[in-house]
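Participant: One structure is given below, represented as structure tokens, and several questions about it will come after.
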Protein chains: 2
Amino acid sequence: MEKAKIPDIVVERLPVYLQALNHLLREGRGVVSSAELGRMVDVSAAQIRKDLSYFGGFGKQGSGYHVISLIENLRVILHLNQIWPVVIVGVGNLGQALLRYQGFARRGFEIVLACDNNPDLIGSTQSGMQINDVRNLADDLKRLNIQIAVLTVPAGCAQQVTDQLVSGGIRAILNYAPLVLKVPESVHVINIDPVVKLQTLTFYLEAED
Amino acid sequence: MEKAKIPDIVVERLPVYLQALNHLLREGRGVVSSAELGRMVDVSAAQIRKDLSYFGGFGKQGSGYHVISLIENLRVILHLNQIWPVVIVGVGNLGQALLRYQGFARRGFEIVLACDNNPDLIGSTQSGMQINDVRNLADDLKRLNIQIAVLTVPAGCAQQVTDQLVSGGIRAILNYAPLVLKVPESVHVINIDPVVKLQTLTFYLEAED
DNA sequence: TAGTAATTGTGGACATTTTCACAATGCTGG
DNA sequence: CCAGCATTGTGAAAATGTCCACAATTACTA
């Protein structure tokens, strides 16, 4: 496959470019240069041109990139020209907050399944979503054709739940739990435990006591 | 300063190592090799040894790393041998979920201030926390000596709120809003907008329609 | 005590990522 | 239509990051 050779680090920047381009679009800007886009997202202009050139020449010499057309191209590259069904696994504080969050639907994701292992929650409705039993997870994934999971369960059961996700055919996991998940290499994981991120930040601060 | 030359990417791995080490500690393990730790966190053994060697030789040839002592060293390196006061700015869905989340206190962070611009929320108590007016933010930060902010406001007001955080002397921001914040270079920012992360993951999936 | 096995810390090779710098191209205004 | 300016796409250089391989050291066993 051609995309095997696109560095992960490039892929991670593309959604950020897309975000900035959408902002430009809302402001009615028709065209943008790599230099200006770079200032918006804090990336060098050369970096942006090089990143985009992995996928083709989207710009025009002399003027820059046509905003709408670059957005459209990035959406195709990132497979965002469809709505992706998503499962939220774990309907605790964070899971419920994500269920209520409107930003997913606005940017290409629809939460179509929520599940938990808490008997008090199963069968109840949270934010308009019925909570399913996590034991039916693998079946539900297949039935609803879900490839993406958001994992918001406690660390203690995260690996076990992940194994169920994998056996249900999941392909991508956004992991809020504070541990590194074991998955086959065909499954992509991004870790986003907020405490790990905060613990990175404190390195740069001066201790106080 | 000596730490100016430690690559960011190394710093980002340290909390992950710490996480795994704490897991080992709970299991009663006294010693671990770079090879085993590497398997746990999906990093090569050589990488771990090289990362740790930036800060000194913590291991012992023949046996590996003493778990407790390496934890203690990492906590000093990351400045985690103190409780850091944190402000949550924006008490919407996500902000409220983070207010209720018990994981911060357990790993070195205490939410000491929450604020919002919604008059209905200001003065109310959410999860045991009184919500302050965001207009007092800069003063409150100084009064409470807060260096770290968690930003959970809508994109539309994120930059404006960030400017207030900066004027209040903030040094680190965990940004959930979907935009790249403009801050002085003395302020560290980590972006964790979940949609951007999901949009990275879809690159690796096959489109369905 | 000595021989064997395990494991670190590290110099240097290798790989990846970023930046530079410039030819090619397209825009603009007169 | 042309001169001058702006901007891309890209090969090559530079910078950064990862991995290899091994000497040095420690642990273990008998």
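By order of appearance in the structure tokens: chains A, B, ..., then residues from 1 within every chain, and ligands from 1 in the order shown.
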Residues of chain B within 12 Å of chain C, using only C-alpha atoms (C1' of nucleotides), as an NGL selection string?
Facilitator: :B and (31-36 or 45-65)
Participant: Let's have the selection written as a JSON list (two decimals), in the first residue's frame, with C-alpha atoms.
Facilitator:
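The resulting file, result.json, is reproduced below:
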```json
[["chain", "number", "residue", "atom", "x", "y", "z"],
["B", 31, "VAL", "CA", 13.55, -5.04, 40.19],
["B", 32, "VAL", "CA", 12.94, -4.76, 36.46],
["B", 33, "SER", "CA", 15.15, -4.88, 33.37],
["B", 34, "SER", "CA", 15.00, -2.42, 30.51],
["B", 35, "ALA", "CA", 13.86, -5.31, 28.31],
["B", 36, "GLU", "CA", 10.84, -6.09, 30.46],
["B", 45, "ALA", "CA", 15.10, -1.62, 25.71],
["B", 46, "ALA", "CA", 17.91, 0.47, 24.25],
["B", 47, "GLN", "CA", 15.58, 3.44, 24.05],
["B", 48, "ILE", "CA", 14.70, 3.18, 27.70],
["B", 49, "ARG", "CA", 18.31, 2.89, 28.77],
["B", 50, "LYS", "CA", 19.27, 5.86, 26.62],
["B", 51, "ASP", "CA", 16.38, 7.95, 27.91],
["B", 52, "LEU", "CA", 17.25, 7.25, 31.53],
["B", 53, "SER", "CA", 20.94, 7.85, 30.94],
["B", 54, "TYR", "CA", 20.18, 11.53, 30.23],
["B", 55, "PHE", "CA", 19.59, 11.84, 33.94],
["B", 56, "GLY", "CA", 22.13, 9.42, 35.36],
["B", 57, "GLY", "CA", 22.82, 5.75, 35.80],
["B", 58, "PHE", "CA", 19.91, 4.34, 37.72],
["B", 59, "GLY", "CA", 20.35, 0.69, 36.83],
["B", 60, "LYS", "CA", 22.63, -2.08, 37.99],
["B", 61, "GLN", "CA", 24.39, -4.32, 35.55],
["B", 62, "GLY", "CA", 23.34, -7.89, 35.89],
["B", 63, "SER", "CA", 19.98, -7.20, 37.53],
["B", 64, "GLY", "CA", 18.32, -4.09, 36.12],
["B", 65, "TYR", "CA", 16.53, -1.20, 37.78]]
```
Participant: Can you work out which residues from chain D touch chain B at a cut-off of 12 Å (counting only C-alpha atoms (C1' of nucleotides)) and hand them back as a PyMOL selection string?
Facilitator: chain D and resi 16-21+23-28
Participant: Store the residues of this selection in a file with C-alpha atoms (C1' of nucleotides), as a tab-separated table (two decimals), in the first residue's frame.
Facilitator:
```
chain	number	residue	atom	x	y	z
D	16	DT	C1'	17.53	14.94	15.53
D	17	DG	C1'	16.21	10.42	17.12
D	18	DT	C1'	16.68	5.34	17.38
D	19	DC	C1'	19.08	1.20	17.47
D	20	DC	C1'	23.09	-1.80	17.60
D	21	DA	C1'	26.70	-4.01	19.72
D	23	DA	C1'	32.95	-3.53	27.29
D	24	DA	C1'	32.09	-3.30	32.01
D	25	DT	C1'	29.98	-4.88	35.86
D	26	DT	C1'	27.03	-7.61	38.80
D	27	DA	C1'	24.50	-11.81	40.05
D	28	DC	C1'	24.25	-16.62	40.42
```
Participant: Residues of chain A within 8 Å of chain B, counting only C-alpha atoms, what are they? List them as JSON, numbers by chain.
Facilitator: {"A": [11, 12, 14, 15, 16, 19, 20, 40, 41, 42, 77, 78, 79, 80, 82, 93, 94, 96, 97, 98, 100, 101, 103, 104, 107, 171, 172, 174, 178, 179, 180, 188, 189, 190, 192, 195, 196, 197, 198, 199, 200, 201, 202, 203, 204, 205, 206, 207, 208, 209]}
Participant: Please produce a file of the residues just selected, as a PDB file, in the first residue's frame, where the atoms kept are C-alpha atoms.
Facilitator:
```pdb
ATOM      1  CA  VAL A  11      -0.390  12.071   9.678  1.00  0.00           C
ATOM      2  CA  GLU A  12      -0.697  13.582  13.144  1.00  0.00           C
ATOM      3  CA  LEU A  14      -2.842  16.777   9.019  1.00  0.00           C
ATOM      4  CA  PRO A  15      -5.921  17.123  11.265  1.00  0.00           C
ATOM      5  CA  VAL A  16      -4.362  20.225  12.782  1.00  0.00           C
ATOM      6  CA  GLN A  19      -8.683  22.561  11.772  1.00  0.00           C
ATOM      7  CA  ALA A  20      -6.915  25.782  10.818  1.00  0.00           C
ATOM      8  CA  MET A  40      -1.520  29.531  12.614  1.00  0.00           C
ATOM      9  CA  VAL A  41      -0.507  26.048  13.635  1.00  0.00           C
ATOM     10  CA  ASP A  42       3.039  26.764  14.788  1.00  0.00           C
ATOM     11  CA  ILE A  77      -6.725  11.653   2.693  1.00  0.00           C
ATOM     12  CA  LEU A  78      -7.927  11.279   6.280  1.00  0.00           C
ATOM     13  CA  HIS A  79     -11.050   9.369   5.212  1.00  0.00           C
ATOM     14  CA  LEU A  80     -13.258  12.041   6.715  1.00  0.00           C
ATOM     15  CA  GLN A  82     -17.975   9.839   5.693  1.00  0.00           C
ATOM     16  CA  ASN A  93     -17.677  10.670  34.450  1.00  0.00           C
ATOM     17  CA  LEU A  94     -15.600  11.001  31.342  1.00  0.00           C
ATOM     18  CA  GLN A  96     -20.821  10.569  30.035  1.00  0.00           C
ATOM     19  CA  ALA A  97     -19.148  13.883  29.272  1.00  0.00           C
ATOM     20  CA  LEU A  98     -18.053  12.569  25.883  1.00  0.00           C
ATOM     21  CA  ARG A 100     -22.909  14.765  25.744  1.00  0.00           C
ATOM     22  CA  TYR A 101     -20.136  16.433  23.747  1.00  0.00           C
ATOM     23  CA  GLY A 103     -18.129  18.203  18.822  1.00  0.00           C
ATOM     24  CA  PHE A 104     -17.966  14.637  17.540  1.00  0.00           C
ATOM     25  CA  ARG A 107     -16.568  16.759  12.791  1.00  0.00           C
ATOM     26  CA  ARG A 171      -9.330  -1.180  14.311  1.00  0.00           C
ATOM     27  CA  ALA A 172      -8.628   2.001  16.277  1.00  0.00           C
ATOM     28  CA  LEU A 174      -8.602   6.308  21.670  1.00  0.00           C
ATOM     29  CA  PRO A 178      -3.573   5.171  32.281  1.00  0.00           C
ATOM     30  CA  LEU A 179      -1.800   2.177  30.815  1.00  0.00           C
ATOM     31  CA  VAL A 180      -0.277   0.980  27.573  1.00  0.00           C
ATOM     32  CA  HIS A 188      -4.000   1.621  16.104  1.00  0.00           C
ATOM     33  CA  VAL A 189      -4.016   3.169  19.563  1.00  0.00           C
ATOM     34  CA  ILE A 190      -3.645   6.774  20.679  1.00  0.00           C
ATOM     35  CA  ILE A 192      -4.628  10.485  25.896  1.00  0.00           C
ATOM     36  CA  VAL A 195      -2.506  12.817  34.018  1.00  0.00           C
ATOM     37  CA  VAL A 196       0.331  11.511  31.847  1.00  0.00           C
ATOM     38  CA  LYS A 197       0.110  14.722  29.849  1.00  0.00           C
ATOM     39  CA  LEU A 198       0.180  16.851  32.996  1.00  0.00           C
ATOM     40  CA  GLN A 199       3.156  14.873  34.275  1.00  0.00           C
ATOM     41  CA  THR A 200       4.976  15.772  31.076  1.00  0.00           C
ATOM     42  CA  LEU A 201       4.239  19.446  31.632  1.00  0.00           C
ATOM     43  CA  THR A 202       5.557  19.538  35.191  1.00  0.00           C
ATOM     44  CA  PHE A 203       9.005  18.625  33.915  1.00  0.00           C
ATOM     45  CA  TYR A 204       9.236  22.126  32.494  1.00  0.00           C
ATOM     46  CA  LEU A 205       8.051  23.856  35.660  1.00  0.00           C
ATOM     47  CA  GLU A 206      10.120  24.771  38.639  1.00  0.00           C
ATOM     48  CA  ALA A 207       9.414  22.801  41.763  1.00  0.00           C
ATOM     49  CA  GLU A 208       8.106  24.862  44.624  1.00  0.00           C
ATOM     50  CA  ASP A 209       9.114  22.985  47.719  1.00  0.00           C
TER      51      ASP A 209
END
```
Participant: At what distance in Å, to one decimal, does atom CA of A:Ala158 lie from atom CA of B:Val87?
Facilitator: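 Here the two named atoms are 28.0 Å from each other.
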Participant: If chain B is fitted onto chain A by least squares over all C-alpha atoms, taken pair by pair in sequence order, what do its new coordinates look like as a short mmCIF file (atom, residue, chain, number, x, y, z; two decimals) with C-alpha atoms, in the first residue's frame?
Facilitator:
```
data_model
loop_
_atom_site.label_atom_id
_atom_site.label_comp_id
_atom_site.auth_asym_id
_atom_site.auth_seq_id
_atom_site.Cartn_x
_atom_site.Cartn_y
_atom_site.Cartn_z
CA MET B 1 -0.21 0.06 0.01
CA GLU B 2 1.11 3.49 -0.73
CA LYS B 3 0.29 4.99 2.66
CA ALA B 4 2.59 2.60 4.50
CA LYS B 5 5.39 5.08 3.87
CA ILE B 6 3.75 8.22 5.20
CA PRO B 7 5.37 8.94 8.58
CA ASP B 8 3.01 8.88 11.55
CA ILE B 9 4.20 12.29 12.58
CA VAL B 10 3.01 13.73 9.29
CA VAL B 11 -0.39 12.09 9.70
CA GLU B 12 -0.70 13.60 13.16
CA ARG B 13 -0.24 17.10 11.76
CA LEU B 14 -2.84 16.80 9.03
CA PRO B 15 -5.91 17.15 11.28
CA VAL B 16 -4.35 20.26 12.78
CA TYR B 17 -3.94 21.77 9.35
CA LEU B 18 -7.54 20.83 8.61
CA GLN B 19 -8.67 22.58 11.77
CA ALA B 20 -6.91 25.80 10.81
CA LEU B 21 -8.22 25.61 7.26
CA ASN B 22 -11.78 25.25 8.51
CA HIS B 23 -11.21 28.33 10.62
CA LEU B 24 -10.05 30.21 7.53
CA LEU B 25 -13.05 28.94 5.62
CA ARG B 26 -15.43 30.31 8.26
CA GLU B 27 -13.69 33.64 7.94
CA GLY B 28 -14.30 33.59 4.22
CA ARG B 29 -10.68 33.30 3.19
CA GLY B 30 -10.29 31.76 -0.26
CA VAL B 31 -6.56 31.19 -0.36
CA VAL B 32 -3.73 30.74 2.13
CA SER B 33 0.05 30.43 1.86
CA SER B 34 2.12 27.82 3.63
CA ALA B 35 3.73 30.67 5.57
CA GLU B 36 0.44 31.92 6.97
CA LEU B 37 -0.92 28.46 7.68
CA GLY B 38 2.37 27.72 9.39
CA ARG B 39 2.00 30.69 11.71
CA MET B 40 -1.49 29.55 12.60
CA VAL B 41 -0.47 26.06 13.62
CA ASP B 42 3.07 26.77 14.77
CA VAL B 43 4.77 24.68 12.12
CA SER B 44 7.36 25.89 9.60
CA ALA B 45 6.17 26.72 6.10
CA ALA B 46 8.62 24.24 4.61
CA GLN B 47 7.27 21.54 6.87
CA ILE B 48 3.74 22.13 5.69
CA ARG B 49 4.73 22.08 2.05
CA LYS B 50 6.72 18.90 2.54
CA ASP B 51 3.90 17.22 4.45
CA LEU B 52 1.35 18.05 1.77
CA SER B 53 3.69 17.00 -1.02
CA TYR B 54 3.49 13.40 0.22
CA PHE B 55 0.00 13.39 -1.19
CA GLY B 56 0.36 15.60 -4.25
CA GLY B 57 0.76 19.19 -5.29
CA PHE B 58 -2.23 21.04 -3.90
CA GLY B 59 -0.84 24.55 -4.04
CA LYS B 60 -0.34 27.12 -6.74
CA GLN B 61 2.89 28.99 -7.11
CA GLY B 62 2.46 32.67 -6.60
CA SER B 63 -0.74 32.46 -4.57
CA GLY B 64 -0.75 29.47 -2.23
CA TYR B 65 -3.40 26.90 -1.40
CA HIS B 66 -7.07 27.18 -2.25
CA VAL B 67 -8.72 26.72 1.15
CA ILE B 68 -11.82 24.81 0.10
CA SER B 69 -9.97 22.52 -2.21
CA LEU B 70 -7.24 21.74 0.31
CA ILE B 71 -9.89 20.97 2.92
CA GLU B 72 -11.56 18.62 0.51
CA ASN B 73 -8.26 16.91 -0.28
CA LEU B 74 -7.36 16.49 3.40
CA ARG B 75 -10.77 15.07 4.12
CA VAL B 76 -10.24 12.43 1.46
CA ILE B 77 -6.72 11.65 2.71
CA LEU B 78 -7.93 11.29 6.29
CA HIS B 79 -11.05 9.38 5.23
CA LEU B 80 -13.26 12.05 6.71
CA ASN B 81 -15.67 12.18 3.81
CA GLN B 82 -17.97 9.84 5.70
CA ILE B 83 -19.45 9.67 9.20
CA TRP B 84 -17.59 7.17 11.36
CA PRO B 85 -19.58 5.19 13.91
CA VAL B 86 -17.88 5.11 17.32
CA VAL B 87 -18.39 3.17 20.53
CA ILE B 88 -17.79 4.64 23.96
CA VAL B 89 -16.72 1.94 26.37
CA GLY B 90 -17.14 2.97 29.99
CA VAL B 91 -19.87 5.41 30.92
CA GLY B 92 -18.33 6.97 34.03
CA ASN B 93 -17.67 10.67 34.44
CA LEU B 94 -15.60 11.00 31.34
CA GLY B 95 -17.66 8.65 29.20
CA GLN B 96 -20.82 10.57 30.03
CA ALA B 97 -19.16 13.88 29.25
CA LEU B 98 -18.06 12.57 25.88
CA LEU B 99 -21.58 11.24 25.22
CA ARG B 100 -22.90 14.76 25.72
CA TYR B 101 -20.15 16.44 23.74
CA GLN B 102 -21.53 17.88 20.52
CA GLY B 103 -18.14 18.22 18.83
CA PHE B 104 -17.98 14.65 17.54
CA ALA B 105 -20.99 14.85 15.28
CA ARG B 106 -19.88 18.19 13.92
CA ARG B 107 -16.56 16.77 12.79
CA GLY B 108 -17.33 13.39 11.34
CA PHE B 109 -18.00 10.99 14.21
CA GLU B 110 -21.23 9.58 15.54
CA ILE B 111 -21.46 7.74 18.83
CA VAL B 112 -23.70 4.81 18.00
CA LEU B 113 -23.01 2.59 21.01
CA ALA B 114 -22.18 3.06 24.67
CA CYS B 115 -21.53 0.24 27.07
CA ASP B 116 -20.47 -0.43 30.63
CA ASN B 117 -20.19 -3.28 33.10
CA ASN B 118 -22.16 -1.55 35.87
CA PRO B 119 -25.54 -3.32 36.31
CA ASP B 120 -27.09 -0.06 37.54
CA LEU B 121 -26.21 1.64 34.28
CA ILE B 122 -26.95 -1.14 31.81
CA GLY B 123 -30.33 -0.58 30.22
CA SER B 124 -30.55 3.01 31.40
CA THR B 125 -30.41 5.96 29.08
CA GLN B 126 -27.66 8.57 29.39
CA SER B 127 -27.71 11.66 27.19
CA GLY B 128 -30.15 9.97 24.85
CA MET B 129 -28.07 6.85 24.54
CA GLN B 130 -29.06 3.44 25.85
CA ILE B 131 -26.25 1.79 27.77
CA ASN B 132 -25.51 -1.76 26.67
CA ASP B 133 -23.85 -4.57 28.56
CA VAL B 134 -20.14 -4.70 27.85
CA ARG B 135 -20.45 -8.48 27.60
CA ASN B 136 -22.24 -8.05 24.28
CA LEU B 137 -19.51 -5.76 23.01
CA ALA B 138 -17.98 -7.96 20.33
CA ASP B 139 -21.37 -8.79 18.86
CA ASP B 140 -22.53 -5.18 18.95
CA LEU B 141 -19.40 -3.99 17.20
CA LYS B 142 -19.97 -6.38 14.32
CA ARG B 143 -23.67 -5.64 14.14
CA LEU B 144 -23.10 -1.90 13.97
CA ASN B 145 -19.93 -2.17 11.88
CA ILE B 146 -17.89 -0.15 14.36
CA GLN B 147 -14.14 0.21 13.81
CA ILE B 148 -13.34 2.94 16.33
CA ALA B 149 -13.57 2.79 20.14
CA VAL B 150 -13.14 5.44 22.81
CA LEU B 151 -11.97 3.69 25.96
CA THR B 152 -12.94 5.40 29.22
CA VAL B 153 -12.83 2.54 31.71
CA PRO B 154 -10.67 2.27 34.84
CA ALA B 155 -7.14 0.98 34.32
CA GLY B 156 -7.98 -2.24 36.12
CA CYS B 157 -10.27 -3.58 33.42
CA ALA B 158 -8.89 -1.72 30.40
CA GLN B 159 -6.83 -4.58 28.99
CA GLN B 160 -9.64 -7.06 29.38
CA VAL B 161 -12.08 -4.73 27.64
CA THR B 162 -9.52 -4.10 24.93
CA ASP B 163 -9.26 -7.81 24.25
CA GLN B 164 -13.02 -7.85 23.72
CA LEU B 165 -12.78 -4.87 21.41
CA VAL B 166 -10.11 -6.64 19.40
CA SER B 167 -12.11 -9.84 19.21
CA GLY B 168 -15.02 -7.76 17.93
CA GLY B 169 -12.81 -6.49 15.12
CA ILE B 170 -12.01 -3.00 16.33
CA ARG B 171 -9.32 -1.19 14.32
CA ALA B 172 -8.63 2.01 16.29
CA ILE B 173 -8.75 2.94 19.98
CA LEU B 174 -8.61 6.31 21.67
CA ASN B 175 -7.41 5.31 25.12
CA TYR B 176 -8.07 7.50 28.17
CA ALA B 177 -7.00 4.82 30.65
CA PRO B 178 -3.58 5.16 32.27
CA LEU B 179 -1.81 2.17 30.82
CA VAL B 180 -0.28 0.98 27.56
CA LEU B 181 -2.70 -1.41 25.88
CA LYS B 182 -1.55 -4.64 24.26
CA VAL B 183 -3.11 -4.94 20.82
CA PRO B 184 -2.25 -6.66 17.53
CA GLU B 185 -0.27 -4.40 15.25
CA SER B 186 -3.23 -4.03 12.93
CA VAL B 187 -4.99 -2.01 15.66
CA HIS B 188 -4.00 1.63 16.11
CA VAL B 189 -4.03 3.19 19.56
CA ILE B 190 -3.66 6.79 20.68
CA ASN B 191 -3.23 7.39 24.39
CA ILE B 192 -4.67 10.53 25.95
CA ASP B 193 -4.57 9.98 29.69
CA PRO B 194 -4.66 13.55 31.01
CA VAL B 195 -2.48 12.81 34.02
CA VAL B 196 0.36 11.51 31.85
CA LYS B 197 0.14 14.72 29.85
CA LEU B 198 0.22 16.84 33.01
CA GLN B 199 3.19 14.85 34.27
CA THR B 200 5.01 15.76 31.08
CA LEU B 201 4.27 19.43 31.64
CA THR B 202 5.60 19.51 35.20
CA PHE B 203 9.05 18.61 33.92
CA TYR B 204 9.29 22.12 32.53
CA LEU B 205 8.08 23.84 35.68
CA GLU B 206 10.15 24.75 38.67
CA ALA B 207 9.45 22.78 41.79
CA GLU B 208 8.12 24.85 44.65
CA ASP B 209 9.11 23.00 47.75
#
```
Participant: Could you please write out, as a list in words, every residue of stretch 44-121 of chain B that DSSP assigns to strand (DSSP E or B)?
Facilitator: Gly59, Lys60, Gly64, Tyr65, His66, Trp84, Pro85, Val86, Val87, Ile88, Val89, Phe109, Glu110, Ile111, Val112, Leu113, Ala114, Cys115 and Asp116 of chain B
Participant: Just asking: which residues within stretch 49-203 of chain B are helix (DSSP H, G or I) according to DSSP, as a ChimeraX atom specification?
Facilitator: /B:49-53,67-77,93-100,103-106,134-144,155-167,194-203
